[in-house]
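Below is my_file.cif, holding mmCIF, C-alpha atoms and all ligand atoms.
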```cif
data_work
loop_
_atom_site.label_atom_id
_atom_site.label_comp_id
_atom_site.auth_asym_id
_atom_site.auth_seq_id
_atom_site.Cartn_x
_atom_site.Cartn_y
_atom_site.Cartn_z
CA MET A 1 27.57 -6.60 -19.46
CA THR A 2 28.56 -6.80 -23.08
CA ASN A 3 26.99 -8.55 -26.07
CA ARG A 4 23.55 -8.06 -24.62
CA LYS A 5 20.85 -9.59 -26.83
CA PRO A 6 17.63 -9.44 -24.83
CA SER A 7 14.77 -11.48 -26.19
CA LEU A 8 12.55 -11.20 -23.07
CA THR A 9 12.64 -8.14 -20.83
CA GLY A 10 15.60 -8.49 -18.49
CA PHE A 11 16.82 -11.92 -19.66
CA GLN A 12 20.23 -12.28 -21.23
CA LYS A 13 22.06 -15.32 -22.54
CA GLU A 14 25.80 -14.96 -21.94
CA SER A 15 28.44 -16.14 -24.41
CA ASN A 16 29.24 -19.06 -22.07
CA GLY A 17 25.61 -20.23 -22.34
CA GLU A 18 24.50 -19.03 -18.89
CA LEU A 19 21.10 -17.34 -18.63
CA TRP A 20 20.83 -14.28 -16.34
CA LEU A 21 17.94 -12.04 -15.33
CA TRP A 22 18.98 -8.40 -15.06
CA ASP A 23 16.77 -6.04 -13.05
CA ASP A 24 17.50 -2.52 -14.26
CA LEU A 25 17.65 0.14 -11.51
CA PRO A 26 18.16 3.48 -13.27
CA GLN A 27 17.80 5.34 -9.95
CA LEU A 28 21.02 3.67 -8.75
CA HIS A 29 22.72 3.41 -12.15
CA MET A 30 23.04 -0.31 -11.57
CA GLU A 31 21.53 -3.61 -12.57
CA ALA A 32 20.98 -6.54 -10.24
CA GLY A 33 21.72 -9.91 -11.86
CA TYR A 34 20.21 -13.28 -10.95
CA LYS A 35 21.67 -16.46 -12.40
CA VAL A 36 18.86 -18.48 -13.95
CA GLU A 37 19.00 -22.28 -14.02
CA ALA A 38 15.78 -22.71 -15.99
CA LEU A 39 13.12 -20.51 -17.54
CA LEU A 40 10.06 -22.53 -16.54
CA HIS A 41 7.31 -20.32 -17.94
CA TYR A 42 7.03 -17.16 -20.01
CA GLU A 43 4.03 -15.39 -21.47
CA ARG A 44 2.92 -11.91 -22.35
CA SER A 45 -0.51 -11.32 -20.80
CA ALA A 46 -2.83 -8.42 -21.58
CA TYR A 47 -1.05 -6.44 -18.83
CA GLN A 48 2.56 -7.57 -18.51
CA GLU A 49 5.25 -10.16 -19.17
CA ILE A 50 4.91 -13.04 -16.69
CA SER A 51 7.90 -15.33 -16.09
CA ILE A 52 8.66 -18.11 -13.64
CA VAL A 53 12.33 -19.03 -13.31
CA GLU A 54 14.40 -21.40 -11.23
CA THR A 55 17.34 -19.33 -9.98
CA LYS A 56 20.67 -20.51 -8.66
CA GLY A 57 20.57 -18.34 -5.53
CA PHE A 58 16.92 -17.75 -4.60
CA GLY A 59 15.01 -20.83 -5.71
CA ARG A 60 11.79 -20.42 -7.68
CA MET A 61 11.13 -16.79 -8.67
CA PHE A 62 7.98 -15.07 -9.99
CA VAL A 63 8.92 -12.20 -12.32
CA LEU A 64 6.83 -9.44 -13.92
CA ASP A 65 8.27 -7.35 -16.77
CA GLY A 66 11.78 -8.48 -15.80
CA THR A 67 11.39 -7.45 -12.12
CA PRO A 68 11.50 -10.14 -9.40
CA GLN A 69 8.30 -10.19 -7.31
CA VAL A 70 8.80 -13.05 -4.86
CA THR A 71 11.12 -16.04 -4.42
CA THR A 72 10.72 -19.31 -2.56
CA LYS A 73 13.95 -18.64 -0.64
CA ASP A 74 13.04 -15.34 1.01
CA GLY A 75 9.34 -14.74 0.20
CA PHE A 76 8.53 -15.59 3.81
CA VAL A 77 10.07 -12.28 4.90
CA TYR A 78 7.76 -10.23 2.67
CA ASN A 79 4.66 -12.32 3.35
CA GLU A 80 5.07 -12.30 7.13
CA MET A 81 5.99 -8.63 7.35
CA ILE A 82 3.14 -7.28 5.25
CA THR A 83 0.56 -9.46 7.01
CA HIS A 84 1.23 -10.21 10.69
CA ILE A 85 1.58 -6.57 11.72
CA PRO A 86 -1.89 -5.36 10.62
CA MET A 87 -3.42 -8.66 11.73
CA VAL A 88 -2.31 -8.10 15.34
CA THR A 89 -2.80 -4.33 15.25
CA HIS A 90 -6.53 -4.92 14.69
CA PRO A 91 -7.83 -6.90 17.71
CA ALA A 92 -10.33 -9.05 15.78
CA PRO A 93 -9.93 -8.85 11.99
CA ARG A 94 -12.80 -10.68 10.26
CA ARG A 95 -12.99 -9.23 6.77
CA ILE A 96 -9.69 -8.95 4.87
CA ALA A 97 -8.91 -7.78 1.35
CA MET A 98 -5.69 -7.83 -0.57
CA ILE A 99 -4.97 -5.79 -3.70
CA GLY A 100 -2.26 -7.40 -5.84
CA GLY A 101 -2.59 -11.16 -5.73
CA GLY A 102 0.53 -12.68 -7.29
CA ASP A 103 1.32 -15.91 -5.48
CA CYS A 104 -1.10 -14.89 -2.67
CA GLY A 105 1.56 -15.40 0.05
CA PRO A 106 0.15 -12.61 2.29
CA ALA A 107 -3.35 -14.13 2.06
CA SER A 108 -1.96 -17.48 3.19
CA VAL A 109 -0.48 -15.80 6.30
CA ALA A 110 -3.71 -13.86 7.05
CA MET A 111 -5.71 -17.09 7.03
CA LYS A 112 -3.74 -18.36 10.04
CA TYR A 113 -5.82 -15.98 12.21
CA ASP A 114 -8.95 -17.73 13.40
CA THR A 115 -11.04 -14.55 13.51
CA VAL A 116 -10.84 -14.37 9.69
CA GLU A 117 -14.13 -15.06 7.92
CA GLN A 118 -13.46 -13.69 4.45
CA VAL A 119 -10.42 -12.81 2.31
CA GLU A 120 -10.98 -11.06 -1.01
CA VAL A 121 -7.96 -11.18 -3.32
CA VAL A 122 -8.10 -8.51 -6.03
CA GLU A 123 -5.71 -9.09 -8.91
CA ILE A 124 -5.79 -7.22 -12.21
CA ASP A 125 -4.26 -10.05 -14.20
CA GLU A 126 -6.01 -13.41 -14.05
CA ARG A 127 -3.08 -15.02 -15.87
CA VAL A 128 -0.80 -14.17 -12.92
CA ILE A 129 -2.94 -16.24 -10.55
CA GLU A 130 -3.26 -19.11 -13.03
CA VAL A 131 0.49 -19.21 -13.61
CA CYS A 132 1.29 -18.97 -9.88
CA LYS A 133 -1.17 -21.79 -9.12
CA VAL A 134 0.95 -24.05 -11.32
CA TRP A 135 4.46 -22.93 -10.40
CA MET A 136 4.53 -21.13 -7.02
CA PRO A 137 3.79 -22.54 -3.54
CA ASN A 138 0.78 -20.54 -2.25
CA ALA A 139 -1.75 -19.52 -4.91
CA ALA A 140 -3.43 -22.92 -5.46
CA ALA A 141 -4.08 -23.53 -1.74
CA VAL A 142 -5.29 -19.97 -1.16
CA ALA A 143 -7.64 -20.02 -4.15
CA SER A 144 -9.24 -23.28 -2.99
CA ASP A 145 -9.92 -22.09 0.60
CA ASN A 146 -13.64 -21.46 1.06
CA ARG A 147 -13.00 -18.19 2.91
CA VAL A 148 -11.29 -16.74 -0.19
CA GLN A 149 -12.90 -14.86 -3.03
CA MET A 150 -10.79 -14.16 -6.11
CA THR A 151 -11.72 -10.97 -7.94
CA TYR A 152 -10.09 -10.05 -11.24
CA ALA A 153 -10.21 -6.26 -11.41
CA ASP A 154 -8.12 -3.11 -11.32
CA GLY A 155 -7.76 -2.45 -7.59
CA TYR A 156 -8.10 1.30 -8.17
CA ARG A 157 -11.53 0.95 -9.70
CA TRP A 158 -12.65 -1.94 -7.49
CA ILE A 159 -11.96 -0.14 -4.22
CA GLN A 160 -14.15 2.83 -5.14
CA GLY A 161 -17.18 0.57 -4.81
CA ARG A 162 -16.30 -0.66 -1.30
CA LYS A 163 -17.36 1.42 1.72
CA LYS A 164 -16.51 0.45 5.34
CA ALA A 165 -16.14 -3.10 4.14
CA PHE A 166 -12.80 -4.35 5.53
CA ASP A 167 -11.05 -4.61 8.90
CA VAL A 168 -7.64 -5.15 7.30
CA LEU A 169 -6.48 -4.25 3.82
CA LEU A 170 -3.14 -5.40 2.35
CA ILE A 171 -1.88 -3.40 -0.63
CA ASP A 172 0.65 -5.75 -2.23
CA ARG A 173 1.22 -3.50 -5.23
CA SER A 174 4.03 -3.80 -7.76
CA ASP A 175 6.52 -0.99 -8.33
CA PRO A 176 5.06 2.28 -9.72
CA TYR A 177 4.91 1.40 -13.39
CA GLY A 178 2.68 -0.70 -15.65
CA PRO A 179 -0.76 -1.66 -14.28
CA ALA A 180 0.17 -0.64 -10.72
CA VAL A 181 0.54 3.10 -11.50
CA SER A 182 -3.05 3.81 -10.43
CA LEU A 183 -2.29 2.35 -6.97
CA TYR A 184 0.10 5.27 -6.38
CA LYS A 185 -2.40 8.07 -7.20
CA PRO A 186 -3.16 10.37 -4.22
CA ALA A 187 -6.91 9.68 -4.61
CA PHE A 188 -6.26 5.97 -4.10
CA TYR A 189 -5.36 6.50 -0.43
CA GLN A 190 -8.71 8.22 0.24
CA TYR A 191 -10.53 5.29 -1.39
CA VAL A 192 -8.49 2.94 0.81
CA HIS A 193 -9.56 4.91 3.90
CA ASP A 194 -13.21 4.82 2.89
CA SER A 195 -13.14 1.06 2.24
CA LEU A 196 -12.04 0.36 5.83
CA THR A 197 -14.35 -0.09 8.81
CA ASN A 198 -14.26 2.63 11.50
CA ASP A 199 -11.34 0.85 13.22
CA GLY A 200 -9.72 -0.54 10.06
CA VAL A 201 -6.00 -0.97 9.33
CA VAL A 202 -4.13 -0.95 6.00
CA VAL A 203 -0.57 -1.89 5.12
CA ILE A 204 0.98 -0.73 1.87
CA GLN A 205 4.13 -2.01 0.20
CA SER A 206 6.04 1.29 0.13
CA GLY A 207 9.27 0.36 -1.67
CA SER A 208 12.98 0.75 -1.09
CA PRO A 209 13.92 3.71 1.12
CA CYS A 210 17.27 3.56 -0.61
CA TYR A 211 16.26 4.03 -4.26
CA ASN A 212 12.48 4.66 -4.12
CA GLY A 213 12.70 7.34 -1.44
CA ASN A 214 10.40 9.76 -3.24
CA SER A 215 7.73 7.12 -3.60
CA LEU A 216 7.98 6.17 0.09
CA ARG A 217 7.81 9.82 1.16
CA ASN A 218 4.81 10.54 -1.07
CA THR A 219 3.01 7.46 0.24
CA VAL A 220 3.57 8.47 3.88
CA ARG A 221 2.60 12.09 3.22
CA SER A 222 -0.62 11.09 1.49
CA LEU A 223 -1.56 8.70 4.29
CA LYS A 224 -0.80 11.25 7.02
CA ARG A 225 -3.28 13.66 5.46
CA ILE A 226 -6.03 11.07 5.93
CA PHE A 227 -5.21 8.69 8.82
CA PRO A 228 -4.46 9.58 12.48
CA ILE A 229 -1.86 6.80 12.86
CA VAL A 230 0.79 6.17 10.19
CA ARG A 231 3.86 3.97 10.87
CA THR A 232 6.59 2.94 8.44
CA TYR A 233 8.59 -0.18 9.20
CA LEU A 234 11.51 -1.95 7.57
CA CYS A 235 12.84 -5.41 6.87
CA CYS A 236 15.60 -7.01 4.84
CA ILE A 237 14.64 -8.98 1.72
CA PRO A 238 17.91 -10.31 0.24
CA SER A 239 16.56 -10.92 -3.29
CA PHE A 240 15.36 -7.31 -3.63
CA PRO A 241 18.06 -4.91 -4.85
CA GLY A 242 19.51 -3.02 -1.91
CA GLY A 243 17.98 -5.53 0.51
CA ILE A 244 16.22 -3.03 2.74
CA TRP A 245 12.47 -2.69 2.13
CA SER A 246 9.64 -0.63 3.62
CA PHE A 247 5.98 -1.13 4.43
CA THR A 248 3.70 1.60 5.75
CA LEU A 249 0.77 0.89 8.07
CA ALA A 250 -2.09 3.38 8.42
CA SER A 251 -4.80 2.96 11.02
CA LYS A 252 -8.00 4.70 12.07
CA GLN A 253 -7.79 3.70 15.73
CA TYR A 254 -5.24 1.05 16.75
CA ASP A 255 -1.51 1.68 17.09
CA PRO A 256 0.81 -1.22 16.19
CA LEU A 257 3.31 0.03 18.78
CA ILE A 258 0.95 -1.06 21.58
CA ALA A 259 -0.65 -4.08 19.90
CA ASP A 260 -1.42 -7.19 21.94
CA LEU A 261 1.31 -9.50 20.67
CA SER A 262 -0.13 -12.55 22.41
CA ARG A 263 -2.44 -12.72 19.34
CA LEU A 264 0.49 -13.26 16.92
CA ARG A 265 0.02 -16.53 15.00
CA THR A 266 3.69 -17.16 14.32
CA GLU A 267 3.98 -20.86 15.24
CA ASP A 268 5.41 -21.69 11.81
CA ALA A 269 6.91 -18.26 11.05
CA LYS A 270 10.50 -17.98 9.85
CA TYR A 271 10.95 -14.22 10.27
CA MET A 272 8.41 -12.65 12.60
CA THR A 273 8.81 -12.69 16.38
CA PRO A 274 7.27 -10.38 19.01
CA GLU A 275 10.66 -8.70 19.51
CA LEU A 276 11.10 -8.17 15.79
CA LEU A 277 7.63 -6.67 15.51
CA ARG A 278 8.48 -4.10 18.16
CA SER A 279 11.89 -3.28 16.69
CA CYS A 280 11.02 -2.98 12.97
CA PHE A 281 9.50 0.47 13.55
CA VAL A 282 12.90 1.84 14.65
CA LEU A 283 14.09 3.73 11.58
CA PRO A 284 17.65 4.70 10.61
CA ARG A 285 18.38 8.42 10.63
CA TYR A 286 18.36 8.74 6.81
CA VAL A 287 14.87 7.25 6.64
CA GLN A 288 13.64 9.51 9.46
CA ASP A 289 15.07 12.48 7.56
CA LEU A 290 13.45 11.34 4.31
CA LEU A 291 10.05 11.08 5.98
CA SER A 292 10.30 14.46 7.69
CA GLU A 293 11.35 16.38 4.53
N1 LIG B 1 4.09 -10.53 -2.99
C1 LIG B 1 3.38 -11.07 -4.14
C2 LIG B 1 3.52 -12.54 -4.29
O1 LIG B 1 3.59 -13.21 -3.27
O2 LIG B 1 3.52 -13.04 -5.40
C3 LIG B 1 3.77 -10.33 -5.36
C4 LIG B 1 2.64 -9.45 -5.77
S1 LIG B 1 3.20 -8.34 -6.94
C5 LIG B 1 4.19 -7.27 -5.90
C6 LIG B 1 1.89 -7.29 -7.28
C7 LIG B 1 0.68 -7.88 -8.01
O3 LIG B 1 -0.23 -6.80 -8.22
C8 LIG B 1 0.96 -8.47 -9.39
O4 LIG B 1 0.47 -9.78 -9.43
C9 LIG B 1 0.22 -7.55 -10.37
O5 LIG B 1 -0.35 -8.23 -11.47
C10 LIG B 1 -0.86 -6.96 -9.47
N2 LIG B 1 -1.33 -5.63 -9.86
C11 LIG B 1 -0.64 -4.65 -10.47
N3 LIG B 1 -1.43 -3.57 -10.67
C12 LIG B 1 -2.64 -3.88 -10.16
C13 LIG B 1 -3.87 -3.19 -10.06
N4 LIG B 1 -4.01 -1.94 -10.56
N5 LIG B 1 -4.93 -3.80 -9.47
C14 LIG B 1 -4.80 -5.07 -8.98
N6 LIG B 1 -3.66 -5.78 -9.04
C15 LIG B 1 -2.59 -5.20 -9.63
#
```
Can you present the structure in this file as structure tokens?
Amino acid sequence: MTNRKPSLTGFQKESNGELWLWDDLPQLHMEAGYKVEALLHYERSAYQEISIVETKGFGRMFVLDGTPQVTTKDGFVYNEMITHIPMVTHPAPRRIAMIGGGDCGPASVAMKYDTVEQVEVVEIDERVIEVCKVWMPNAAAVASDNRVQMTYADGYRWIQGRKKAFDVLLIDRSDPYGPAVSLYKPAFYQYVHDSLTNDGVVVIQSGSPCYNGNSLRNTVRSLKRIFPIVRTYLCCIPSFPGGIWSFTLASKQYDPLIADLSRLRTEDAKYMTPELLRSCFVLPRYVQDLLSE
């Protein structure tokens, strides 16, 4: 793109008046562009730039530092994939925690399971939750549920004070820069292990196998040193550059490959089915090779 005059990270007004959001992907030597119909909210918090935009292709989008986090058009894929799989892998999850709140979509899926007594949402940036409550679909309802506790803290520090506290942990971390860097430190995975009950399960957003391969491999390697069961699975999230996205589940006792799928609470799901849950662990050869390097 020529005549680039960025005023906010990633946003560019074209000479024809159109506003675009450009997500820079130096690993691929490309940028992904999203046509913006309206910039609804922008602020610079103590941690990051927070934007909410109405896009032409993906509906309402929550953006941090110029990187799309979730959209109303395809956020259901991410929310269902990060949440349903650990929630059925553990046979009776009661105490849930989630690091990385954002719009709280995964928490809203977890609360569909009637064994759930408590969901602690740990978000470093209180402004993110306040902005999402106003502009995005899930945060306000989640925050007002009496099973939910909102904690504003750095997940890396917070988790060190939690021992055998959670049946299921969802690590909905941003990409490895800015405030999320600590959530990629090797020590973090040991703290995650120690915060889980003796049969606890964690799922971690582990990035694009296509352009974040090193990060995915390091995550899996670190988890394998600590947990007996580690399973990476994939889905397609159209608004994320490259489309294909990974999550990695680590478990002390239960294997998702033999989970009791009659417990799935997918009555109003748009992505997850029992067949999909079984098949998402089948990895393409290049991902298998990446993980065995
Ligand atoms: N899927 C989410 C949604 O539905 O909005 C997007 C969550 S976004 C990937 C990750 C969130 O983690 C952001 O809201 C960011 O502020 C938060 N975060 C980043 N670093 C953190 C940290 N060290 N501790 C806790 N939260 C953190």
With distances taken over only C-alpha atoms, the candidate from A:His84, A:Arg60, A:Lys164, A:Arg127 nearest Ser108 in chain A is A:His84
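Contact shell of range 151-157 of chain A at 9 Å (only C-alpha atoms; same-chain neighbours under 6 positions omitted): A:Ile99, A:Gly100, A:Glu120, A:Val121, A:Val122, A:Glu123, A:Ile124, A:Asp125, A:Glu126, A:Pro179, A:Ala180, A:Ser182, A:Leu183, A:Lys185, A:Phe188, A:Tyr191.
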Can you tell me, as JSON, the centre and edge lengths (Å, one decimal) of the axis-aligned box enclosing all of range 179-183 of chain A's listed atoms after padding each side by 8 Å?
```
{"center_x": -1.3, "center_y": 1.1, "center_z": -10.6, "size_x": 19.6, "size_y": 21.5, "size_z": 23.3}
```
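Here the question is which of A:Met111, A:Val131, A:Ala92, A:Ala259 gets nearest to ligand LIG 1 (chain B) using all atoms listed in the file, and that residue is A:Val131.
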Correct to one decimal, the distance CA of Thr9 in chain A-CA of Glu49 in chain A is 7.8 Å
Open item on the list: Report as a ChimeraX atom specification all protein, DNA and RNA residues lying within 12 Å of Pro176 in chain A, evaluated on all atoms listed in the file, omitting residues in the same chain fewer than 5 positions from it.
Closed with: /A:67,181-185,205-208,212,214-216,218-219
Practice task
Counting only C-alpha atoms, write as a PyMOL selection string all protein and nucleic acid residues lying at most 12 Å from (10.0, 10.1, 2.1) in the file's frame.
Solution key: chain A and resi 206-224+232+246+248+286-293
Ref. answer, residues at most 7 Å from (10.6, -10.1, -5.4) with all atoms listed in the file, as a VMD selection string: chain A and resid 68 to 71 239 to 240
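The interatomic distance for the pair CA of Cys280 in chain A and CA of Ile82 in chain A works out to 11.8 Å.
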With distances taken over all atoms listed in the file, the candidate from A:Ala97, A:Met61, A:Ala141, A:Ile237 nearest Ser195 in chain A is A:Ala97
For range 134-169 of chain A, supply N, CA and C atoms and format the output as an mmCIF file, keeping the file's coordinate frame.
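File result30.cif, as written:
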```cif
data_model
loop_
_atom_site.group_PDB
_atom_site.id
_atom_site.type_symbol
_atom_site.label_atom_id
_atom_site.label_comp_id
_atom_site.auth_asym_id
_atom_site.auth_seq_id
_atom_site.Cartn_x
_atom_site.Cartn_y
_atom_site.Cartn_z
ATOM 1 N N VAL A 134 0.203 -22.919 -10.772
ATOM 2 C CA VAL A 134 0.950 -24.050 -11.320
ATOM 3 C C VAL A 134 2.374 -24.108 -10.751
ATOM 4 N N TRP A 135 3.019 -22.934 -10.618
ATOM 5 C CA TRP A 135 4.460 -22.930 -10.400
ATOM 6 C C TRP A 135 4.912 -22.458 -9.018
ATOM 7 N N MET A 136 4.086 -21.709 -8.310
ATOM 8 C CA MET A 136 4.530 -21.130 -7.020
ATOM 9 C C MET A 136 3.801 -21.828 -5.869
ATOM 10 N N PRO A 137 4.285 -21.671 -4.619
ATOM 11 C CA PRO A 137 3.790 -22.540 -3.540
ATOM 12 C C PRO A 137 2.431 -22.186 -2.938
ATOM 13 N N ASN A 138 1.943 -20.937 -3.058
ATOM 14 C CA ASN A 138 0.780 -20.540 -2.250
ATOM 15 C C ASN A 138 -0.540 -20.403 -2.990
ATOM 16 N N ALA A 139 -0.514 -19.968 -4.248
ATOM 17 C CA ALA A 139 -1.750 -19.520 -4.910
ATOM 18 C C ALA A 139 -2.822 -20.614 -4.990
ATOM 19 N N ALA A 140 -2.421 -21.860 -5.281
ATOM 20 C CA ALA A 140 -3.430 -22.920 -5.460
ATOM 21 C C ALA A 140 -4.169 -23.170 -4.144
ATOM 22 N N ALA A 141 -3.435 -23.257 -3.032
ATOM 23 C CA ALA A 141 -4.080 -23.530 -1.740
ATOM 24 C C ALA A 141 -4.964 -22.364 -1.320
ATOM 25 N N VAL A 142 -4.492 -21.142 -1.536
ATOM 26 C CA VAL A 142 -5.290 -19.970 -1.160
ATOM 27 C C VAL A 142 -6.583 -19.945 -1.969
ATOM 28 N N ALA A 143 -6.462 -20.135 -3.281
ATOM 29 C CA ALA A 143 -7.640 -20.020 -4.150
ATOM 30 C C ALA A 143 -8.689 -21.085 -3.827
ATOM 31 N N SER A 144 -8.264 -22.214 -3.253
ATOM 32 C CA SER A 144 -9.240 -23.280 -2.990
ATOM 33 C C SER A 144 -9.819 -23.203 -1.570
ATOM 34 N N ASP A 145 -9.374 -22.246 -0.759
ATOM 35 C CA ASP A 145 -9.920 -22.090 0.600
ATOM 36 C C ASP A 145 -11.309 -21.440 0.512
ATOM 37 N N ASN A 146 -12.270 -21.982 1.237
ATOM 38 C CA ASN A 146 -13.640 -21.460 1.060
ATOM 39 C C ASN A 146 -13.858 -20.084 1.692
ATOM 40 N N ARG A 147 -12.876 -19.563 2.416
ATOM 41 C CA ARG A 147 -13.000 -18.190 2.910
ATOM 42 C C ARG A 147 -12.540 -17.166 1.860
ATOM 43 N N VAL A 148 -11.935 -17.647 0.772
ATOM 44 C CA VAL A 148 -11.290 -16.740 -0.190
ATOM 45 C C VAL A 148 -12.175 -16.499 -1.407
ATOM 46 N N GLN A 149 -12.249 -15.218 -1.761
ATOM 47 C CA GLN A 149 -12.900 -14.860 -3.030
ATOM 48 C C GLN A 149 -11.864 -14.215 -3.933
ATOM 49 N N MET A 150 -11.697 -14.748 -5.124
ATOM 50 C CA MET A 150 -10.790 -14.160 -6.110
ATOM 51 C C MET A 150 -11.566 -13.189 -6.983
ATOM 52 N N THR A 151 -11.063 -11.968 -7.098
ATOM 53 C CA THR A 151 -11.720 -10.970 -7.940
ATOM 54 C C THR A 151 -10.683 -10.465 -8.941
ATOM 55 N N TYR A 152 -11.021 -10.529 -10.213
ATOM 56 C CA TYR A 152 -10.090 -10.050 -11.240
ATOM 57 C C TYR A 152 -10.532 -8.659 -11.670
ATOM 58 N N ALA A 153 -9.811 -7.657 -11.169
ATOM 59 C CA ALA A 153 -10.210 -6.260 -11.410
ATOM 60 C C ALA A 153 -9.022 -5.356 -11.143
ATOM 61 N N ASP A 154 -9.098 -4.153 -11.668
ATOM 62 C CA ASP A 154 -8.120 -3.110 -11.320
ATOM 63 C C ASP A 154 -8.459 -2.642 -9.903
ATOM 64 N N GLY A 155 -7.521 -2.799 -8.986
ATOM 65 C CA GLY A 155 -7.760 -2.450 -7.590
ATOM 66 C C GLY A 155 -8.209 -1.010 -7.408
ATOM 67 N N TYR A 156 -7.743 -0.122 -8.278
ATOM 68 C CA TYR A 156 -8.100 1.300 -8.170
ATOM 69 C C TYR A 156 -9.583 1.520 -8.422
ATOM 70 N N ARG A 157 -10.100 0.817 -9.405
ATOM 71 C CA ARG A 157 -11.530 0.950 -9.700
ATOM 72 C C ARG A 157 -12.367 0.148 -8.705
ATOM 73 N N TRP A 158 -11.898 -1.046 -8.387
ATOM 74 C CA TRP A 158 -12.650 -1.940 -7.490
ATOM 75 C C TRP A 158 -12.886 -1.283 -6.128
ATOM 76 N N ILE A 159 -11.857 -0.623 -5.596
ATOM 77 C CA ILE A 159 -11.960 -0.140 -4.220
ATOM 78 C C ILE A 159 -12.962 1.014 -4.093
ATOM 79 N N GLN A 160 -13.213 1.699 -5.200
ATOM 80 C CA GLN A 160 -14.150 2.830 -5.140
ATOM 81 C C GLN A 160 -15.583 2.373 -4.853
ATOM 82 N N GLY A 161 -15.846 1.093 -5.078
ATOM 83 C CA GLY A 161 -17.180 0.570 -4.810
ATOM 84 C C GLY A 161 -17.304 -0.084 -3.448
ATOM 85 N N ARG A 162 -16.270 -0.003 -2.618
ATOM 86 C CA ARG A 162 -16.300 -0.660 -1.300
ATOM 87 C C ARG A 162 -16.276 0.404 -0.215
ATOM 88 N N LYS A 163 -17.302 0.430 0.642
ATOM 89 C CA LYS A 163 -17.360 1.420 1.720
ATOM 90 C C LYS A 163 -17.457 0.689 3.065
ATOM 91 N N LYS A 164 -16.536 1.033 3.977
ATOM 92 C CA LYS A 164 -16.510 0.450 5.340
ATOM 93 C C LYS A 164 -16.655 -1.067 5.296
ATOM 94 N N ALA A 165 -15.941 -1.675 4.396
ATOM 95 C CA ALA A 165 -16.140 -3.100 4.140
ATOM 96 C C ALA A 165 -15.098 -4.002 4.806
ATOM 97 N N PHE A 166 -13.905 -3.470 5.116
ATOM 98 C CA PHE A 166 -12.800 -4.350 5.530
ATOM 99 C C PHE A 166 -12.167 -3.895 6.849
ATOM 100 N N ASP A 167 -11.795 -4.901 7.669
ATOM 101 C CA ASP A 167 -11.050 -4.610 8.900
ATOM 102 C C ASP A 167 -9.570 -4.428 8.596
ATOM 103 N N VAL A 168 -9.066 -5.235 7.685
ATOM 104 C CA VAL A 168 -7.640 -5.150 7.300
ATOM 105 C C VAL A 168 -7.540 -5.208 5.785
ATOM 106 N N LEU A 169 -6.727 -4.315 5.259
ATOM 107 C CA LEU A 169 -6.480 -4.250 3.820
ATOM 108 C C LEU A 169 -4.965 -4.354 3.603
#
```
